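Here is the structure we will look at, set down as structure tokens.
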Amino acid sequence: TALPVRARRASPAVHPLAPRMVATEPPRTTRLWTPHSWRTMPIKQLPKYPDQKALREMEQRLERSLPLVFSGECEALKELLAKASRGQAFVIQGGDCAESFKEFDAYGGKNISDTFTLVIQMSIMLMYALRRPVVKILRAAGQFAKPRSSPYEKKKNQELSLPSYRGDIINGSGFTQEERIPDPERMYKAFVQSTATINLLRTLASGGALDLHRVHDISLKFVRETSQGRKYAQYATDIDNAIAFMEAIGLQSDSYKVRQAEFYVSHESLLLPYEQALCRQDPITGKHYATSGHFLWLGDRTRQPDGAHVEFMRGISNPIGIKCGPTLTPDDLVQLLDILNPDNEPGRITLITRVGAGKVADNLPTFIETIKREGRDVVWSCDPCHGNTETTASGFKTRRFENIMQEVTEFFAVHESMGTYPGGVHLELTGQDVTECVGGMMELTDEDLKQRYETHCDPRLNASQALELALKLSEEMQN
Ligand code: PEP
Ligand code: MN
């Protein structure tokens with residue numbers, strides 16, 4: 001694929017905000033930011049906690065808690081993302097729509113290690129095919145809060161309407177009034193589960209399980225006999241040979257780059273009381289970081305330039321993502337970048353477009369033109385999941401593999417035609433053999449969905465569908 005046309009830098013002599021500001025408003029970038037400055041701004045999606053005292057006590061408890069990630073790791077990820085913005089790396093971000101308390105206890109960590117293995121397996125395929133580093137970011141260890149389009153929801157064929165489920169960190173998914181009451185204690189449970197999750201991931205990454213000397217073993221058992229599994233085995237044999245050859249001529253194959261997997265964790269920055277409580281100041285640089293995860297993103301429903309979520313994200317130094325749906329206007333996009341990345345730091349911003357299959361050519365060129373015109377550095381990532389959710393006649397929320405694949409293909413085609421670099425994908429997937437998305441080589445049908453429909457939020461690609469996507473992607477990108 002063609003390398004990106006390097007974006008023009010904004011002239012440093014002109015403040016990027018100058019021509020667009022409304023005269024009465026001081027530019028946001030000159031206003032004081034604190035970890036709590038979001039509290040004076042309009043906020044969407046904030047749950048109404050009935051017990052405010054309990055909420056404050058929980059915030060204080062979390063403020064004293066241990067960080068999950070460190071500033072240096074966030075900066076290292078930013079550097080990798082800067083490479084992706086220049087066309088020198090590819091990003092794969094993936095995991096559950098929402099983590100849950102129930103699944104954590106049910107599988108003894110197997111769901112976590114399987115999803116991790118799957119993402120690593122996909123990244124090995126892509127790395128091998130693209131001859132380029134692949135940055136691995138999991139949607140995990142903190143992906144608990146869910147934005148909802150409606151504050152109330154009904155169960156299928158029932159009259160009773162209850163407050164919407166907002167993710168295990170906020171309330172319960174059970175369909176009772178009591179479960180739906182936001183409970184601050186849930187934040188602590190989510191925090192503890194996140195720390196245990198990142199600990200397991202770090203153990204798997206550095207403890208030998210993902211050593212490329214054992215590349216054939218980095219494969220989920222139930223996909224080995226599928227055609228995707230066999231294709232992976234071919235890649236693995238090639239990698240084995242390459243390592244053996246390196247060793248034969250005395251090149252280092254023993255580096256930690258071969259023995260360990262580098263990964264990062266991410267989630268939507270939605271529940272601001274939680275994010276604020278885990279925000280820490282780096283003692284050396286004085287910069288603030290969200291320590292709840294390496295990479296945080298703004299959801300499509302909470303990216304208002306004058307809203308609380310944007311305000312919080314403005315002051316943290318982590319690399320961040322912005323979900324870009326069809327309703328994002330060029331003006332808002334520019335304002336967001338002015339607020340969130342006034343110095344145009346490379347690697348800081350990943351634009352995650354999610355517009356739906358068949359709609360990419362209508363939406364993406366405008367985003368790209370805006371970014372080119374303004375001379376901004378961004379990573380372009382494609383979320384082919386959230387614009388392609390539908391409900392079947394039998395009431396299952398699903399996604400069609402062909403639509404997911406189509407959105408990815410359209411994303412690549414538009415970038416190709418505009419001379420920009422398609423830098424990554426953002427996927428909802430699981431290492432489990434679930435039946436939540438239809439289609440793919442397994443030809444799952446609407447009828448099959450009921451067999452193993454386990455998500456309590458959005459439908460995820462199962463391991464074989466995810467590998468199929470990675471395979472198609474690596475073939476497409478090689479051409
Ligand atoms: C999500 O990523 O789970 C999500 C809710 O996405 P979006 O904000 O793009 O709708
Ligand atoms: Mn989702």
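Following the order of the structure tokens, first chain is A, next is B, and so on, with residues numbered from 1 inside each chain and ligands from 1 in the order they appear.
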
Inset, instruction - Taking only C-alpha atoms and all ligand atoms into account, report as an MDAnalysis selection string which residues have an atom no farther than 9 Å from an atom of ligand 1. - result: chainID A and resid 96:98 139 143 145:148 267:268 297:303 322:325 352:355 383 385:387 426:428 457:458

Legend entry - Residue among A:Lys78, A:Lys136, A:Arg259, A:Lys156 lying closest to Val215 of chain A, counting only C-alpha atoms: A:Arg259

Inset, instruction - In Å, rounded to a single decimal, give me how far atom CA of Ser464 of chain A is from atom CA of Phe222 of chain A. - result: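 One can read the atom CA of Phe222 of chain A to atom CA of Ser464 of chain A distance as 8.6 Å.
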
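Atom CA of Cys74 of chain A to atom CA of Thr203 of chain A spans 18.9 Å [interatomic distance, one decimal].
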
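Between Cys279 of chain A and the candidates A:Val265, A:Ala357, A:Ala196, A:Ile316, the tightest atom-to-atom separation, counting only C-alpha atoms, involves A:Ile316.
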
Taking 4 positions as the minimum chain separation for residues in the same chain, which residues sit within 9 Å of Phe312 of chain A when counting only C-alpha atoms? Answer as an mmCIF file with C-alpha atoms, in the first residue's frame.
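Okay, this is what ended up in result-v2.cif:
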```cif
data_model
loop_
_atom_site.group_PDB
_atom_site.id
_atom_site.type_symbol
_atom_site.label_atom_id
_atom_site.label_comp_id
_atom_site.auth_asym_id
_atom_site.auth_seq_id
_atom_site.Cartn_x
_atom_site.Cartn_y
_atom_site.Cartn_z
ATOM 1 C CA TRP A 33 -7.801 22.415 33.670
ATOM 2 C CA THR A 34 -7.998 20.286 36.783
ATOM 3 C CA PRO A 35 -8.991 16.637 37.133
ATOM 4 C CA HIS A 36 -12.399 17.933 38.305
ATOM 5 C CA SER A 37 -12.929 20.871 35.917
ATOM 6 C CA TRP A 38 -15.359 18.682 33.905
ATOM 7 C CA ARG A 39 -17.832 19.002 36.774
ATOM 8 C CA SER A 269 -13.750 7.222 29.180
ATOM 9 C CA LEU A 272 -15.952 10.443 34.887
ATOM 10 C CA GLU A 275 -11.728 8.345 35.745
ATOM 11 C CA GLN A 276 -11.112 11.439 37.848
ATOM 12 C CA ALA A 308 -17.718 17.347 30.304
ATOM 13 C CA ILE A 316 -4.829 13.937 30.525
#
```

Inset, instruction - Would you kindly return, as a ChimeraX atom specification, each protein, DNA or RNA residue with an atom no farther than 7 Å from any atom of segment 45-62 of chain A, considering only C-alpha atoms and excluding same-chain residues fewer than 6 positions away? - result: /A:147,182-184,271,273-274,277-278

Produce a file of the selected residues containing N, CA and C atoms, as a PDB file, in the first residue's frame.
```pdb
ATOM      1  N   PRO A 147     -22.475   3.600  27.198  1.00  0.00           N
ATOM      2  CA  PRO A 147     -23.398   4.696  26.888  1.00  0.00           C
ATOM      3  C   PRO A 147     -24.701   4.096  26.367  1.00  0.00           C
ATOM      4  N   PRO A 182     -28.040   2.791  40.293  1.00  0.00           N
ATOM      5  CA  PRO A 182     -26.582   2.952  40.257  1.00  0.00           C
ATOM      6  C   PRO A 182     -25.985   2.813  41.655  1.00  0.00           C
ATOM      7  N   ASP A 183     -24.945   2.000  41.761  1.00  0.00           N
ATOM      8  CA  ASP A 183     -24.355   1.694  43.064  1.00  0.00           C
ATOM      9  C   ASP A 183     -22.842   1.950  43.008  1.00  0.00           C
ATOM     10  N   PRO A 184     -22.341   2.897  43.806  1.00  0.00           N
ATOM     11  CA  PRO A 184     -20.907   3.232  43.759  1.00  0.00           C
ATOM     12  C   PRO A 184     -19.995   2.052  44.100  1.00  0.00           C
ATOM     13  N   LEU A 271     -17.367   7.003  32.560  1.00  0.00           N
ATOM     14  CA  LEU A 271     -17.782   7.257  33.946  1.00  0.00           C
ATOM     15  C   LEU A 271     -16.748   8.175  34.614  1.00  0.00           C
ATOM     16  N   PRO A 273     -16.558  10.187  37.284  1.00  0.00           N
ATOM     17  CA  PRO A 273     -16.147  10.126  38.697  1.00  0.00           C
ATOM     18  C   PRO A 273     -15.044   9.077  38.909  1.00  0.00           C
ATOM     19  N   TYR A 274     -15.154   7.968  38.223  1.00  0.00           N
ATOM     20  CA  TYR A 274     -14.155   6.897  38.293  1.00  0.00           C
ATOM     21  C   TYR A 274     -12.844   7.339  37.654  1.00  0.00           C
ATOM     22  N   ALA A 277     -11.018   9.920  39.736  1.00  0.00           N
ATOM     23  CA  ALA A 277     -10.413   9.361  40.950  1.00  0.00           C
ATOM     24  C   ALA A 277      -9.117   8.610  40.639  1.00  0.00           C
ATOM     25  N   LEU A 278      -9.000   8.104  39.419  1.00  0.00           N
ATOM     26  CA  LEU A 278      -7.785   7.364  39.061  1.00  0.00           C
ATOM     27  C   LEU A 278      -6.810   8.202  38.237  1.00  0.00           C
TER      28      LEU A 278
END
```

Legend entry - Selection near Val69 of chain A, 8 Å with only C-alpha atoms, sequence-local residues under 2 positions removed, as number ranges by chain: A: 67, 71, 73-74, 291-294

Inset, instruction - Within segment 361-414 of chain A, find each residue whose DSSP state, derived from the backbone, is strand (DSSP E), and express the selection as an MDAnalysis selection string. - result: chainID A and resid 379:382 390:391 397:398

Just-selected residues, N, CA and C atoms written as a JSON list (two decimals), in the first residue's frame:
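Final output, part-v2.json:
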```
[["chain", "number", "residue", "atom", "x", "y", "z"],
["A", 379, "VAL", "N", -4.06, 9.14, 13.80],
["A", 379, "VAL", "CA", -4.11, 7.75, 13.34],
["A", 379, "VAL", "C", -5.53, 7.52, 12.87],
["A", 380, "TRP", "N", -5.68, 6.95, 11.68],
["A", 380, "TRP", "CA", -7.01, 6.61, 11.18],
["A", 380, "TRP", "C", -7.31, 5.16, 11.51],
["A", 381, "SER", "N", -8.35, 4.93, 12.30],
["A", 381, "SER", "CA", -8.72, 3.57, 12.63],
["A", 381, "SER", "C", -10.17, 3.34, 12.22],
["A", 382, "CYS", "N", -10.49, 2.09, 11.91],
["A", 382, "CYS", "CA", -11.85, 1.77, 11.45],
["A", 382, "CYS", "C", -12.53, 0.85, 12.46],
["A", 390, "GLU", "N", -27.72, -4.63, 14.03],
["A", 390, "GLU", "CA", -29.13, -4.75, 13.67],
["A", 390, "GLU", "C", -29.81, -5.78, 14.57],
["A", 391, "THR", "N", -31.14, -5.80, 14.53],
["A", 391, "THR", "CA", -31.86, -6.77, 15.36],
["A", 391, "THR", "C", -32.58, -7.75, 14.45],
["A", 397, "LYS", "N", -29.73, -8.95, 18.88],
["A", 397, "LYS", "CA", -28.90, -7.88, 18.35],
["A", 397, "LYS", "C", -27.72, -8.57, 17.67],
["A", 398, "THR", "N", -27.51, -8.31, 16.41],
["A", 398, "THR", "CA", -26.42, -9.00, 15.72],
["A", 398, "THR", "C", -25.70, -8.07, 14.73]]
```

Legend entry - Contacts of Gln335 of chain A at 8 Å (only C-alpha atoms; same-chain gap of 4+ positions) as a ChimeraX atom specification: /A:305,331,339

Could the residues in this selection be saved with C-alpha atoms as a CSV table (one decimal), in the first residue's frame?
```csv
chain,number,residue,atom,x,y,z
A,305,PRO,CA,-16.8,20.0,22.2
A,331,ASP,CA,-16.5,22.0,12.5
A,339,ILE,CA,-9.2,21.4,22.4
```

Inset, instruction - Find, counting only C-alpha atoms and all ligand atoms, the residue in A:Thr389, A:Asn462, A:Asn479, A:Thr435 that gets nearest to ligand 2. - result: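 Closest candidate: A:Thr389.
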
Inset, instruction - Name the residues of segment 141-299 of chain A that fall into helix (DSSP H, G or I) according to DSSP on the backbone, using the chain letters and numbers of this document, as a PyMOL selection string. - result: chain A and resi 185-206+212-217+221-223+227-248+256-259+272-277

Inset, instruction - Tell me, in Å to one decimal, how far atom CA of Glu159 of chain A is from atom CA of Gln177 of chain A. - result: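 Between atom CA of Glu159 of chain A and atom CA of Gln177 of chain A the gap is 13.7 Å.
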
Excluding Glu179 of chain A and residues on its chain fewer than 3 positions from it, collect all residues at most 12 Å away from it, counting only C-alpha atoms, and give them as an mmCIF file with C-alpha atoms, in the first residue's frame.
```cif
data_model
loop_
_atom_site.group_PDB
_atom_site.id
_atom_site.type_symbol
_atom_site.label_atom_id
_atom_site.label_comp_id
_atom_site.auth_asym_id
_atom_site.auth_seq_id
_atom_site.Cartn_x
_atom_site.Cartn_y
_atom_site.Cartn_z
ATOM 1 C CA LEU A 162 -36.913 0.204 33.669
ATOM 2 C CA PRO A 163 -33.848 2.456 33.817
ATOM 3 C CA SER A 164 -31.361 1.242 31.208
ATOM 4 C CA TYR A 165 -28.484 -1.051 32.088
ATOM 5 C CA ARG A 166 -25.306 1.056 31.898
ATOM 6 C CA GLY A 167 -22.591 -1.528 32.415
ATOM 7 C CA ASP A 168 -21.533 -3.498 35.479
ATOM 8 C CA ILE A 170 -22.778 1.350 37.246
ATOM 9 C CA ASN A 171 -25.786 -0.949 37.661
ATOM 10 C CA GLY A 172 -26.946 -4.537 37.133
ATOM 11 C CA SER A 173 -28.243 -6.073 33.919
ATOM 12 C CA GLY A 174 -31.003 -8.035 35.694
ATOM 13 C CA PHE A 175 -34.448 -6.797 34.728
ATOM 14 C CA THR A 176 -35.545 -5.530 38.147
ATOM 15 C CA PRO A 182 -26.582 2.952 40.257
ATOM 16 C CA ASP A 183 -24.355 1.694 43.064
ATOM 17 C CA ARG A 186 -19.639 -1.412 41.724
#
```

Legend entry - Using only C-alpha atoms and all ligand atoms: which of A:Gly72, A:Gly423, A:Gly94, A:Pro342 has the shortest distance to ligand 2: A:Gly94

Inset, instruction - For each of A:Thr237, A:Thr366, A:Ser417, A:Thr226, take the minimum atom-to-atom distance to Met442 of chain A, counting only C-alpha atoms, then give the residue where this is smallest. - result: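 Smallest separation from Met442 of chain A among the options: A:Thr226.
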
Using only C-alpha atoms, find each residue in segment 347-427 of chain A having at least one atom no more than 12 Å away from segment 448-453 of chain A; report its shortest atom-to-atom pair and that distance in Å (one decimal), rows by chain then rising number, as a tab-separated table.
```
residue	atom	partner	partner_atom	distance
A:Thr391	CA	A:Leu449	CA	11.4
A:Thr392	CA	A:Leu449	CA	9.6
A:Ala393	CA	A:Leu449	CA	11.6
A:Ser394	CA	A:Lys450	CA	9.4
A:Gly395	CA	A:Leu449	CA	10.2
A:Phe396	CA	A:Leu449	CA	7.4
A:Lys397	CA	A:Leu449	CA	9.4
A:Thr398	CA	A:Leu449	CA	8.4
A:Arg399	CA	A:Leu449	CA	10.8
A:Arg400	CA	A:Leu449	CA	11.6
```

Could you save the residues just selected, with C-alpha atoms, as a CSV table (one decimal), in the first residue's frame?
```csv
chain,number,residue,atom,x,y,z
A,391,THR,CA,-31.9,-6.8,15.4
A,392,THR,CA,-33.1,-10.1,13.9
A,393,ALA,CA,-36.8,-11.0,13.6
A,394,SER,CA,-36.3,-13.2,16.7
A,395,GLY,CA,-35.0,-10.3,18.7
A,396,PHE,CA,-31.2,-10.8,18.7
A,397,LYS,CA,-28.9,-7.9,18.3
A,398,THR,CA,-26.4,-9.0,15.7
A,399,ARG,CA,-23.9,-7.9,13.0
A,400,ARG,CA,-23.3,-9.5,9.7
```
